[in-house]
>>> print(open('final-v3.txt').read())   # compact mmCIF, C-alpha atoms
# COMPACT_ATOMS: atom_id res chain seq x y z
CA MET A 1 31.34 15.45 129.62
CA GLN A 2 34.23 15.65 127.13
CA SER A 3 32.29 13.76 124.51
CA LEU A 4 29.39 16.19 124.99
CA LEU A 5 31.75 19.13 124.51
CA ASP A 6 33.27 17.61 121.42
CA LYS A 7 29.85 16.99 119.97
CA TYR A 8 28.75 20.53 120.80
CA PHE A 9 31.68 22.22 119.10
CA ALA A 10 31.37 19.92 116.16
CA GLY A 11 27.79 21.26 115.93
CA GLU A 12 26.32 17.80 116.20
CA SER A 13 24.70 17.90 119.63
CA SER A 14 20.96 17.83 120.00
CA LEU A 15 19.05 20.36 122.08
CA GLN A 16 18.82 17.90 124.97
CA GLU A 17 22.52 17.21 124.83
CA GLU A 18 23.19 20.92 124.83
CA ALA A 19 21.00 21.48 127.86
CA GLN A 20 22.70 18.53 129.52
CA LEU A 21 26.08 20.04 128.82
CA LYS A 22 25.06 23.39 130.25
CA GLN A 23 23.75 21.71 133.34
CA LEU A 24 26.93 19.72 133.78
CA LEU A 25 29.07 22.82 133.44
CA GLN A 26 27.01 24.63 136.06
CA ASP A 27 27.21 21.65 138.39
CA GLU A 28 30.98 21.34 138.14
CA GLN A 29 31.75 24.73 139.66
CA GLY A 30 35.47 25.33 139.78
CA SER A 31 36.48 22.58 137.37
CA ALA A 32 38.86 23.33 134.48
CA ALA A 33 36.20 22.69 131.86
CA GLN A 34 33.73 24.88 133.67
CA GLN A 35 36.21 27.79 133.77
CA GLN A 36 37.02 27.33 130.15
CA TYR A 37 33.54 27.14 128.73
CA GLN A 38 31.25 28.88 131.21
CA ALA A 39 32.06 32.29 129.78
CA TRP A 40 31.06 31.12 126.31
CA PHE A 41 27.63 29.95 127.37
CA GLN A 42 27.11 33.04 129.46
CA PHE A 43 27.89 35.17 126.46
CA LEU A 44 25.41 33.24 124.36
CA GLU A 45 22.71 33.76 126.92
CA GLN A 46 23.43 37.47 127.15
CA GLU A 47 23.29 37.83 123.41
CA ALA A 48 20.00 35.98 123.29
CA ASP A 49 18.59 38.43 125.80
CA ILE A 50 19.31 41.48 123.68
CA GLN A 51 16.09 42.92 122.26
CA LEU A 52 15.78 45.21 119.28
CA ASN A 53 14.35 48.67 119.92
CA ASP A 54 11.38 49.84 117.95
CA ASP A 55 13.45 52.32 115.95
CA PHE A 56 16.11 49.74 115.09
CA ASP A 57 14.96 49.38 111.51
CA ALA A 58 14.93 53.09 110.91
CA LYS A 59 18.36 53.49 112.48
CA ILE A 60 19.99 50.71 110.54
CA MET A 61 18.46 51.95 107.30
CA GLN A 62 19.80 55.39 108.02
CA LYS A 63 23.24 53.96 108.64
CA ILE A 64 23.14 51.87 105.49
CA GLU A 65 22.02 54.80 103.42
CA ALA A 66 24.66 57.07 104.95
CA SER A 67 27.43 54.62 104.32
CA LEU A 68 26.33 53.11 101.03
CA ALA A 69 24.19 55.48 99.05
CA PRO A 70 26.64 58.32 98.36
CA ALA A 71 29.56 56.00 97.84
CA PRO A 72 28.49 54.35 94.59
CA VAL A 73 27.52 57.70 93.10
CA VAL A 74 30.97 59.11 93.76
CA ARG A 75 32.67 56.01 92.46
CA LYS A 76 30.56 56.04 89.30
CA LEU A 77 31.47 59.64 88.58
CA GLN A 78 35.13 58.91 89.04
CA THR A 79 35.12 55.90 86.80
CA ALA A 80 33.16 57.85 84.21
CA TRP A 81 35.79 60.56 84.31
CA ILE A 82 38.66 58.18 84.01
CA LEU A 83 36.89 56.37 81.21
CA ARG A 84 36.33 59.57 79.31
CA ILE A 85 39.90 60.67 79.66
CA ALA A 86 41.03 57.21 78.64
CA ALA A 87 38.70 57.38 75.65
CA VAL A 88 40.14 60.71 74.57
CA PHE A 89 43.67 59.37 74.87
CA ALA A 90 42.71 56.26 73.00
CA LEU A 91 41.24 58.43 70.25
CA LEU A 92 44.36 60.58 70.16
CA VAL A 93 46.63 57.59 69.95
CA ALA A 94 44.44 55.95 67.34
CA GLY A 95 44.29 59.18 65.35
CA LEU A 96 48.04 59.64 65.48
CA TRP A 97 48.60 56.06 64.51
CA TRP A 98 46.21 56.39 61.63
CA MET A 99 47.95 59.50 60.36
CA MET A 100 51.37 57.95 60.72
CA ARG A 101 50.13 54.96 58.83
CA SER A 102 48.48 56.93 56.07
CA THR A 103 51.45 59.26 55.52
CA PRO A 104 54.41 57.08 56.37
CA LEU A 105 56.59 58.48 53.64
CA ASP A 106 55.77 62.11 54.24
CA HIS A 107 58.54 63.23 56.46
CA PRO A 108 61.55 61.70 54.78
CA LEU A 109 60.25 62.66 51.35
CA VAL A 110 59.44 66.23 52.29
CA ALA A 111 62.93 66.52 53.65
CA GLU A 112 64.19 64.99 50.45
CA ALA A 113 62.03 67.35 48.44
CA LYS A 114 64.05 70.31 49.63
CA VAL A 115 67.10 68.67 48.11
CA ILE A 116 65.58 68.58 44.63
CA ASP A 117 67.03 71.33 42.57
CA TRP A 118 64.28 71.83 40.04
CA SER A 119 66.09 74.66 38.28
CA LYS A 120 68.35 72.03 36.69
CA TYR A 121 65.40 70.78 34.72
CA GLU A 122 64.11 74.10 33.48
CA PRO A 123 64.08 74.77 29.75
CA LYS A 124 66.32 77.61 28.70
CA THR A 125 63.87 79.77 26.83
CA ALA A 126 60.29 80.84 27.24
CA GLU A 127 59.50 79.52 23.75
CA GLU A 128 60.74 76.09 24.67
CA ALA A 129 58.79 76.26 27.90
CA TYR A 130 55.71 77.24 25.94
CA GLN A 131 56.09 74.30 23.59
CA ILE A 132 56.46 71.92 26.51
CA THR A 133 53.49 73.39 28.33
CA ARG A 134 51.45 73.18 25.20
CA LYS A 135 52.44 69.56 24.75
CA ALA A 136 51.59 68.81 28.35
CA PHE A 137 48.17 70.40 28.04
CA ARG A 138 47.64 68.63 24.76
CA ARG A 139 48.40 65.37 26.49
CA VAL A 140 46.00 66.12 29.32
CA ALA A 141 43.35 67.25 26.90
CA THR A 142 43.66 64.20 24.65
CA GLU A 143 43.62 61.85 27.59
CA LEU A 144 40.56 63.66 28.91
CA ASN A 145 38.93 63.40 25.51
CA GLU A 146 39.75 59.73 25.27
CA GLY A 147 38.41 59.17 28.75
CA THR A 148 35.17 60.97 28.10
CA GLU A 149 34.87 59.24 24.75
CA ILE A 150 35.20 55.82 26.35
CA ALA A 151 32.82 56.94 29.05
CA THR A 152 30.19 58.09 26.55
CA GLU A 153 30.69 54.93 24.54
CA SER A 154 30.14 52.79 27.59
CA VAL A 155 27.13 54.84 28.61
CA GLY A 156 25.78 54.33 25.11
CA LYS A 157 26.38 50.60 25.36
CA MET A 158 24.70 50.51 28.71
CA GLU A 159 21.71 52.34 27.32
CA GLU A 160 21.53 49.80 24.53
CA MET A 161 21.64 47.01 27.02
CA GLY A 162 18.99 48.76 29.06
CA ARG A 163 16.78 48.86 26.00
CA MET A 164 17.39 45.17 25.36
CA PHE A 165 16.28 44.28 28.83
CA LYS A 166 13.16 46.38 28.73
CA MET B 167 32.33 71.33 81.37
CA LYS B 168 35.90 70.27 81.87
CA ILE B 169 35.32 67.28 79.69
CA LYS B 170 34.20 69.56 76.90
CA HIS B 171 37.39 71.54 77.20
CA PHE B 172 39.32 68.36 77.08
CA PHE B 173 37.66 67.28 73.87
CA THR B 174 38.19 70.68 72.29
CA LEU B 175 41.86 70.51 73.20
CA ALA B 176 42.14 67.02 71.81
CA ILE B 177 40.57 68.08 68.52
CA ILE B 178 42.86 71.09 68.26
CA ALA B 179 45.87 68.90 68.94
CA LEU B 180 44.78 66.44 66.27
CA ALA B 181 44.20 69.22 63.76
CA ALA B 182 47.61 70.68 64.50
CA VAL B 183 49.37 67.37 63.99
CA GLN B 184 47.41 66.79 60.78
CA GLY B 185 48.39 70.24 59.57
CA MET B 186 52.06 69.57 60.25
CA ALA B 187 51.89 66.23 58.54
CA GLN B 188 50.66 67.74 55.32
CA ASN B 189 52.97 70.00 53.51
CA SER B 190 50.44 71.52 51.17
CA ALA B 191 52.97 73.50 49.16
CA ALA B 192 54.89 70.50 47.88
CA SER B 193 53.79 68.85 44.69
CA ALA B 194 53.02 65.16 44.52
CA ILE B 195 56.26 64.65 42.65
CA ASP B 196 58.25 66.29 45.44
CA LYS B 197 56.44 64.13 47.93
CA TYR B 198 56.26 60.77 46.29
CA PHE B 199 58.52 60.78 43.32
CA ALA B 200 61.65 62.56 44.46
CA SER B 201 63.58 59.37 43.83
CA TYR B 202 62.46 59.34 40.19
CA VAL B 203 63.78 62.84 39.68
CA GLU B 204 67.28 61.68 40.53
CA ASP B 205 66.80 58.47 38.58
CA LYS B 206 68.82 58.43 35.35
CA ARG B 207 66.14 56.42 33.59
CA PHE B 208 63.76 59.37 33.81
CA SER B 209 63.79 62.53 31.80
CA VAL B 210 62.64 65.47 33.85
CA VAL B 211 61.25 68.84 32.87
CA TYR B 212 60.26 71.62 35.18
CA ILE B 213 58.59 74.86 34.22
CA SER B 214 58.80 77.43 36.99
CA PRO B 215 56.26 80.16 37.71
CA LYS B 216 58.84 82.60 36.41
CA LEU B 217 58.89 80.81 33.05
CA PHE B 218 55.11 80.87 32.94
CA GLN B 219 55.28 84.62 33.37
CA MET B 220 57.70 84.78 30.50
CA ILE B 221 55.44 82.62 28.36
CA GLY B 222 52.71 85.14 28.97
CA LYS B 223 54.96 87.84 27.55
CA ILE B 224 55.89 85.99 24.38
CA ASP B 225 54.95 87.98 21.36
CA THR B 226 51.99 86.08 19.98
CA LYS B 227 52.87 87.15 16.46
CA ILE B 228 56.23 85.48 16.62
CA LEU B 229 54.71 82.15 17.46
CA ASP B 230 51.90 82.68 14.97
CA MET B 231 49.33 82.16 17.67
CA GLU B 232 46.89 84.87 16.73
CA ASN B 233 44.48 82.62 14.95
CA ASP B 234 45.21 79.61 17.04
CA ALA B 235 42.48 78.96 19.55
CA GLU B 236 44.45 76.19 21.12
CA ALA B 237 47.46 78.42 21.69
CA LYS B 238 45.20 81.00 23.26
CA ALA B 239 43.71 78.45 25.57
CA VAL B 240 47.17 77.24 26.53
CA LEU B 241 48.34 80.76 27.27
CA GLU B 242 45.20 81.41 29.23
CA MET B 243 45.82 78.39 31.37
CA ALA B 244 49.52 78.97 31.76
CA LYS B 245 48.68 82.20 33.56
CA ASP B 246 47.21 80.30 36.48
CA LEU B 247 50.03 77.83 36.80
CA GLN B 248 52.55 77.75 39.58
CA GLY B 249 54.68 75.00 38.16
CA LEU B 250 54.68 72.13 35.77
CA ARG B 251 56.70 69.00 36.38
CA ILE B 252 57.05 66.25 33.86
CA LEU B 253 58.73 62.93 34.40
CA THR B 254 58.94 60.38 31.64
CA THR B 255 60.67 57.09 31.18
CA ASP B 256 60.54 54.40 28.56
CA GLU B 257 61.71 51.67 30.86
CA THR B 258 59.16 49.31 32.46
CA PRO B 259 56.26 51.77 32.14
CA GLU B 260 53.75 49.28 33.50
CA ALA B 261 55.74 48.69 36.69
CA PHE B 262 56.32 52.39 37.27
CA TYR B 263 52.64 53.09 36.80
CA LYS B 264 51.72 50.52 39.40
CA GLU B 265 54.34 51.79 41.81
CA ALA B 266 53.23 55.37 41.33
CA LYS B 267 49.61 54.50 42.00
CA ALA B 268 50.60 52.78 45.21
CA LYS B 269 52.72 55.69 46.35
CA ILE B 270 50.12 58.40 46.05
CA ASN B 271 48.21 59.16 49.19
CA THR B 272 44.59 58.80 48.17
CA LYS B 273 43.48 60.79 51.21
CA GLU B 274 45.11 63.82 49.69
CA TYR B 275 44.53 63.15 46.01
CA GLU B 276 41.19 62.42 44.52
CA VAL B 277 40.81 60.39 41.38
CA LEU B 278 39.20 62.46 38.70
CA MET B 279 39.27 59.90 35.95
CA THR B 280 40.74 56.50 35.31
CA VAL B 281 41.01 55.22 31.78
CA ARG B 282 42.15 51.83 30.69
CA ASP B 283 41.82 51.12 27.05
CA LYS B 284 41.95 47.93 25.03
CA ASP B 285 45.68 48.20 24.38
CA GLY B 286 46.34 48.09 28.10
CA ASP B 287 47.19 51.77 28.30
CA ASN B 288 46.44 53.25 31.69
CA VAL B 289 45.66 56.83 32.45
CA GLU B 290 44.73 58.30 35.76
CA PHE B 291 43.86 61.89 36.54
CA LEU B 292 44.22 62.89 40.14
CA ILE B 293 43.41 66.20 41.70
CA LYS B 294 44.21 67.82 44.97
CA GLU B 295 41.33 69.94 46.03
CA THR B 296 40.87 72.26 48.97
CA ASN B 297 37.63 74.18 49.41
CA ASN B 298 36.55 73.37 45.86
CA VAL B 299 39.69 74.87 44.39
CA ILE B 300 41.98 72.51 42.56
CA SER B 301 45.56 73.18 43.55
CA GLU B 302 47.19 70.35 41.68
CA LEU B 303 46.39 68.17 38.74
CA LEU B 304 48.33 64.98 38.43
CA LEU B 305 48.34 62.81 35.36
CA LEU B 306 49.71 59.30 35.45
CA SER B 307 49.87 57.46 32.22
CA SER B 308 51.45 54.30 31.02
CA GLY B 309 51.45 52.72 27.63
CA ASP B 310 53.59 50.22 25.79
CA ASP B 311 56.48 52.57 25.35
CA GLU B 312 56.46 55.12 28.14
CA PHE B 313 55.39 56.11 31.59
CA VAL B 314 54.48 59.74 32.10
CA LEU B 315 53.96 61.70 35.27
CA LEU B 316 52.60 65.20 34.84
CA SER B 317 51.98 67.54 37.71
CA PHE B 318 50.36 70.91 37.22
CA MET B 319 50.52 73.13 40.25
CA GLY B 320 48.39 76.22 40.71
CA THR B 321 44.73 77.10 40.78
CA LEU B 322 43.34 75.07 37.95
CA ASP B 323 40.04 75.50 36.26
CA LEU B 324 38.68 72.24 34.96
CA ASN B 325 36.33 74.10 32.65
CA LYS B 326 39.29 75.69 30.93
CA ILE B 327 40.91 72.32 30.50
CA THR B 328 37.75 70.89 28.99
CA ARG B 329 37.53 73.87 26.67
CA LEU B 330 41.08 73.21 25.56
CA ALA B 331 40.27 69.56 25.11
CA LYS B 332 37.39 70.49 22.82
CA GLU B 333 39.63 72.86 20.95
CA ILE B 334 42.11 70.07 20.30
CA GLU B 335 39.38 67.64 19.37
CA LYS B 336 38.23 69.93 16.59
CA LYS B 337 41.54 69.56 14.79
>>> encode(input="final-v3.txt", output="structure tokens")
Amino acid sequence: MQSLLDKYFAGESSLQEEAQLKQLLQDEQGSAAQQQYQAWFQFLEQEADIQLNDDFDAKIMQKIEASLAPAPVVRKLQTAWILRIAAVFALLVAGLWWMMRSTPLDHPLVAEAKVIDWSKYEPKTAEEAYQITRKAFRRVATELNEGTEIATESVGKMEEMGRMFK
Amino acid sequence: MKIKHFFTLAIIALAAVQGMAQNSAASAIDKYFASYVEDKRFSVVYISPKLFQMIGKIDTKILDMENDAEAKAVLEMAKDLQGLRILTTDETPEAFYKEAKAKINTKEYEVLMTVRDKDGDNVEFLIKETNNVISELLLLSSGDDEFVLLSFMGTLDLNKITRLAKEIEKK
């Protein structure tokens, strides 16, 4: 009897052994083992008797749909929202970082700029100022001329080369 | 709908921060080269808008400018200027040129022309442009003997500068 029980709960009993066990339990009315295990086998039998109704499928599908279908939609929306907000923040942070990086010297130097007293460096007379301005423009103009000259020269050279390769 | 608002807000916030970060009124020299101004190795000249006004009032006869096309062009251009800053030094021009180039924010200043000739002289023209109007022209130049930083502030007309350049070339 005990060895049959052990085998049964270990899931190793054959169908015959199981039937034998059931029989034994029924025969030993009032014994400790019978009291302990009878309820279990009764429960199994009851469960085996339960039949599905014809509309079971429809009902279960309804239940599944009711409980599952709306849920993922809601969750998706929420995650999408959070993702979007997160994306915006990420963009903001990235943008700020980029600006800080590209103009790291701005703030201290602008503050410093207010300290510069440019009037110290002004020429005394308009004539002097004119001469300086003229010089400055002359410089710009000559540099521009030189630049364009070199540019035209190089273009000329390139044209020559182009002709050579034709 | 709400998301749209959020994005709009974010863009406005970004624009605002960007606006604050850029002090458009300050010249490149104020921004990047303030330390040079105080540096004893540099000679500094500043022509204020007030002086430019005065230049405009100079009697052209006194300066014998009547038949001088170049002088006329200079006067014409001086009218538009809001300030001219010149910094020069004869010490380590090459090093200063390199440093200056590294300091300038290339997001704000656009390179108009870079010249490097055989003698190793470097020249770079930079402009600050907003809505197709040039508000600052910056000239960096280094040769064997000096480093020059020139900053013209004000609405500048490149055509006028080219005209002046041609005028000078004639001579």
>>> closest_residue(input="final-v3.txt", among="A:Asp57, A:Glu65, A:Glu143, A:Glu18", to="chain B", atoms="all atoms listed in the file")
A:Glu143
>>> interface_residues(input="final-v3.txt", of="chain B", to="chain A", cutoff="6 Å", atoms="only C-alpha atoms", output="VMD selection string")
chain B and resid 196 to 197 211 to 213 217 220 to 221 281 331
>>> atom_distance(input="final-v3.txt", atom1="atom CA of Glu260 of chain B", atom2="atom CA of Tyr275 of chain B")
20.8 Å
>>> residues_near_point(input="final-v3.txt", point="(42.9, 76.4, 30.2)", cutoff="6 Å", atoms="all atoms listed in the file", output="VMD selection string")
chain B and resid 239 to 240 242 to 243 326 to 327 330
>>> closest_residue(input="final-v3.txt", among="B:Leu253, B:Leu175, B:Ala244, B:Gln219", to="Ala200 of chain B", atoms="all atoms listed in the file")
B:Leu253
>>> atom_distance(input="final-v3.txt", atom1="atom CA of Ala94 of chain A", atom2="atom CA of Leu292 of chain B")
28.1 Å
>>> closest_residue(input="final-v3.txt", among="B:Glu236, B:Glu302, B:Asp311, B:Asp256", to="Thr328 of chain B", atoms="all atoms listed in the file")
B:Glu236
>>> residues_near_point(input="final-v3.txt", point="(44.6, 54.8, 27.9)", cutoff="9 Å", atoms="only C-alpha atoms", output="ChimeraX atom specification")
/A:143,146-147 /B:280-290,307-309
>>> atom_distance(input="final-v3.txt", atom1="atom CA of Arg163 of chain A", atom2="atom CA of Glu149 of chain A")
20.9 Å
>>> closest_residue(input="final-v3.txt", among="B:Asn325, B:Ser193, B:Ser201, B:Ser209", to="Glu312 of chain B", atoms="only C-alpha atoms")
B:Ser209
>>> residues_around(input="final-v3.txt", residues="Glu257 of chain B", least_positions_apart="3", cutoff="10 Å", atoms="all atoms listed in the file", output="PyMOL selection string")
chain B and resi 207-208+254+260-262+310-313
>>> write_last_selection(input="final-v3.txt", atoms="C-alpha atoms", output="short mmCIF file (atom, residue, chain, number, x, y, z; two decimals), in the frame of the given file")
data_model
loop_
_atom_site.label_atom_id
_atom_site.label_comp_id
_atom_site.auth_asym_id
_atom_site.auth_seq_id
_atom_site.Cartn_x
_atom_site.Cartn_y
_atom_site.Cartn_z
CA ARG B 207 66.14 56.42 33.59
CA PHE B 208 63.76 59.37 33.81
CA THR B 254 58.94 60.38 31.64
CA GLU B 260 53.75 49.28 33.50
CA ALA B 261 55.74 48.69 36.69
CA PHE B 262 56.32 52.39 37.27
CA ASP B 310 53.59 50.22 25.79
CA ASP B 311 56.48 52.57 25.35
CA GLU B 312 56.46 55.12 28.14
CA PHE B 313 55.39 56.11 31.59
#
>>> closest_residue(input="final-v3.txt", among="B:Lys267, B:Lys273, B:Lys336, B:Lys294", to="Asp234 of chain B", atoms="all atoms listed in the file")
B:Lys336
>>> closest_residue(input="final-v3.txt", among="B:Ile177, B:Leu247, B:Ile195, B:Leu306", to="Phe318 of chain B", atoms="all atoms listed in the file")
B:Leu247
>>> decode(input="final-v3.txt", residues="segment 184-291 of chain B", atoms="C-alpha atoms", output="mmCIF file, in the first residue's frame")
data_model
loop_
_atom_site.group_PDB
_atom_site.id
_atom_site.type_symbol
_atom_site.label_atom_id
_atom_site.label_comp_id
_atom_site.auth_asym_id
_atom_site.auth_seq_id
_atom_site.Cartn_x
_atom_site.Cartn_y
_atom_site.Cartn_z
ATOM 1 C CA GLN B 184 20.697 80.117 -28.023
ATOM 2 C CA GLY B 185 19.738 83.775 -28.138
ATOM 3 C CA MET B 186 21.086 84.369 -24.654
ATOM 4 C CA ALA B 187 24.284 82.560 -25.449
ATOM 5 C CA GLN B 188 25.052 84.836 -28.345
ATOM 6 C CA ASN B 189 25.743 88.390 -27.580
ATOM 7 C CA SER B 190 25.424 89.727 -31.083
ATOM 8 C CA ALA B 191 26.503 93.250 -30.219
ATOM 9 C CA ALA B 192 29.980 92.318 -29.063
ATOM 10 C CA SER B 193 32.779 92.182 -31.579
ATOM 11 C CA ALA B 194 34.908 89.103 -32.020
ATOM 12 C CA ILE B 195 37.729 90.908 -30.281
ATOM 13 C CA ASP B 196 35.559 91.586 -27.240
ATOM 14 C CA LYS B 197 34.533 87.973 -27.230
ATOM 15 C CA TYR B 198 37.685 86.107 -27.997
ATOM 16 C CA PHE B 199 40.570 88.475 -27.716
ATOM 17 C CA ALA B 200 39.861 90.522 -24.620
ATOM 18 C CA SER B 201 43.025 89.130 -23.095
ATOM 19 C CA TYR B 202 45.097 90.460 -26.000
ATOM 20 C CA VAL B 203 43.743 93.943 -25.458
ATOM 21 C CA GLU B 204 45.230 94.010 -21.973
ATOM 22 C CA ASP B 205 48.383 92.290 -23.180
ATOM 23 C CA LYS B 206 51.373 94.657 -23.234
ATOM 24 C CA ARG B 207 52.809 92.910 -26.269
ATOM 25 C CA PHE B 208 49.910 94.147 -28.377
ATOM 26 C CA SER B 209 49.298 97.596 -29.695
ATOM 27 C CA VAL B 210 45.630 98.412 -29.784
ATOM 28 C CA VAL B 211 43.649 100.962 -31.747
ATOM 29 C CA TYR B 212 39.955 101.580 -31.549
ATOM 30 C CA ILE B 213 37.944 103.906 -33.733
ATOM 31 C CA SER B 214 34.530 104.608 -32.257
ATOM 32 C CA PRO B 215 31.363 105.363 -34.211
ATOM 33 C CA LYS B 216 31.699 108.918 -32.955
ATOM 34 C CA LEU B 217 35.119 109.209 -34.594
ATOM 35 C CA PHE B 218 33.718 107.819 -37.813
ATOM 36 C CA GLN B 219 31.140 110.579 -37.744
ATOM 37 C CA MET B 220 33.912 113.078 -37.291
ATOM 38 C CA ILE B 221 35.868 111.566 -40.165
ATOM 39 C CA GLY B 222 32.827 112.136 -42.320
ATOM 40 C CA LYS B 223 32.955 115.822 -41.427
ATOM 41 C CA ILE B 224 36.623 116.319 -42.219
ATOM 42 C CA ASP B 225 37.072 118.977 -44.805
ATOM 43 C CA THR B 226 38.073 117.020 -47.876
ATOM 44 C CA LYS B 227 40.127 119.939 -49.132
ATOM 45 C CA ILE B 228 42.345 119.891 -46.103
ATOM 46 C CA LEU B 229 43.289 116.299 -46.655
ATOM 47 C CA ASP B 230 43.580 116.824 -50.387
ATOM 48 C CA MET B 231 41.088 114.077 -51.035
ATOM 49 C CA GLU B 232 39.105 115.671 -53.804
ATOM 50 C CA ASN B 233 40.811 113.856 -56.605
ATOM 51 C CA ASP B 234 41.559 110.786 -54.619
ATOM 52 C CA ALA B 235 39.217 107.956 -55.487
ATOM 53 C CA GLU B 236 40.640 105.823 -52.763
ATOM 54 C CA ALA B 237 40.000 108.456 -50.117
ATOM 55 C CA LYS B 238 36.448 108.786 -51.360
ATOM 56 C CA ALA B 239 35.913 105.082 -51.155
ATOM 57 C CA VAL B 240 37.337 105.032 -47.638
ATOM 58 C CA LEU B 241 35.069 107.863 -46.545
ATOM 59 C CA GLU B 242 32.131 106.152 -48.161
ATOM 60 C CA MET B 243 32.811 103.005 -46.236
ATOM 61 C CA ALA B 244 33.592 104.716 -42.976
ATOM 62 C CA LYS B 245 30.022 106.000 -42.967
ATOM 63 C CA ASP B 246 28.670 102.507 -42.455
ATOM 64 C CA LEU B 247 31.074 101.551 -39.725
ATOM 65 C CA GLN B 248 30.189 101.113 -36.103
ATOM 66 C CA GLY B 249 33.691 100.527 -34.870
ATOM 67 C CA LEU B 250 37.116 99.478 -35.933
ATOM 68 C CA ARG B 251 39.435 97.550 -33.671
ATOM 69 C CA ILE B 252 43.003 96.799 -34.517
ATOM 70 C CA LEU B 253 45.360 94.629 -32.555
ATOM 71 C CA THR B 254 48.911 94.095 -33.666
ATOM 72 C CA THR B 255 51.945 92.460 -32.201
ATOM 73 C CA ASP B 256 55.366 91.623 -33.516
ATOM 74 C CA GLU B 257 55.956 88.825 -31.071
ATOM 75 C CA THR B 258 55.379 85.207 -32.143
ATOM 76 C CA PRO B 259 52.955 86.119 -34.937
ATOM 77 C CA GLU B 260 52.635 82.534 -36.102
ATOM 78 C CA ALA B 261 51.598 81.288 -32.663
ATOM 79 C CA PHE B 262 49.098 84.090 -32.164
ATOM 80 C CA TYR B 263 47.583 83.414 -35.552
ATOM 81 C CA LYS B 264 47.072 79.774 -34.703
ATOM 82 C CA GLU B 265 45.631 80.603 -31.308
ATOM 83 C CA ALA B 266 43.295 83.181 -32.788
ATOM 84 C CA LYS B 267 42.009 80.747 -35.375
ATOM 85 C CA ALA B 268 41.289 78.213 -32.672
ATOM 86 C CA LYS B 269 39.489 80.744 -30.510
ATOM 87 C CA ILE B 270 37.005 81.962 -33.069
ATOM 88 C CA ASN B 271 33.664 80.250 -33.031
ATOM 89 C CA THR B 272 33.217 79.045 -36.577
ATOM 90 C CA LYS B 273 29.481 78.645 -36.019
ATOM 91 C CA GLU B 274 29.228 82.390 -35.720
ATOM 92 C CA TYR B 275 31.929 83.456 -38.144
ATOM 93 C CA GLU B 276 32.125 82.309 -41.690
ATOM 94 C CA VAL B 277 35.394 82.132 -43.548
ATOM 95 C CA LEU B 278 35.303 84.422 -46.517
ATOM 96 C CA MET B 279 38.806 83.828 -47.748
ATOM 97 C CA THR B 280 41.931 82.093 -46.581
ATOM 98 C CA VAL B 281 45.233 82.953 -48.164
ATOM 99 C CA ARG B 282 48.542 81.314 -47.534
ATOM 100 C CA ASP B 283 51.334 82.428 -49.726
ATOM 101 C CA LYS B 284 54.755 81.014 -50.458
ATOM 102 C CA ASP B 285 56.442 83.014 -47.713
ATOM 103 C CA GLY B 286 54.232 81.351 -45.129
ATOM 104 C CA ASP B 287 52.116 84.435 -44.609
ATOM 105 C CA ASN B 288 48.605 83.614 -43.518
ATOM 106 C CA VAL B 289 45.537 85.697 -44.048
ATOM 107 C CA GLU B 290 42.013 84.841 -43.152
ATOM 108 C CA PHE B 291 38.897 86.889 -43.742
#
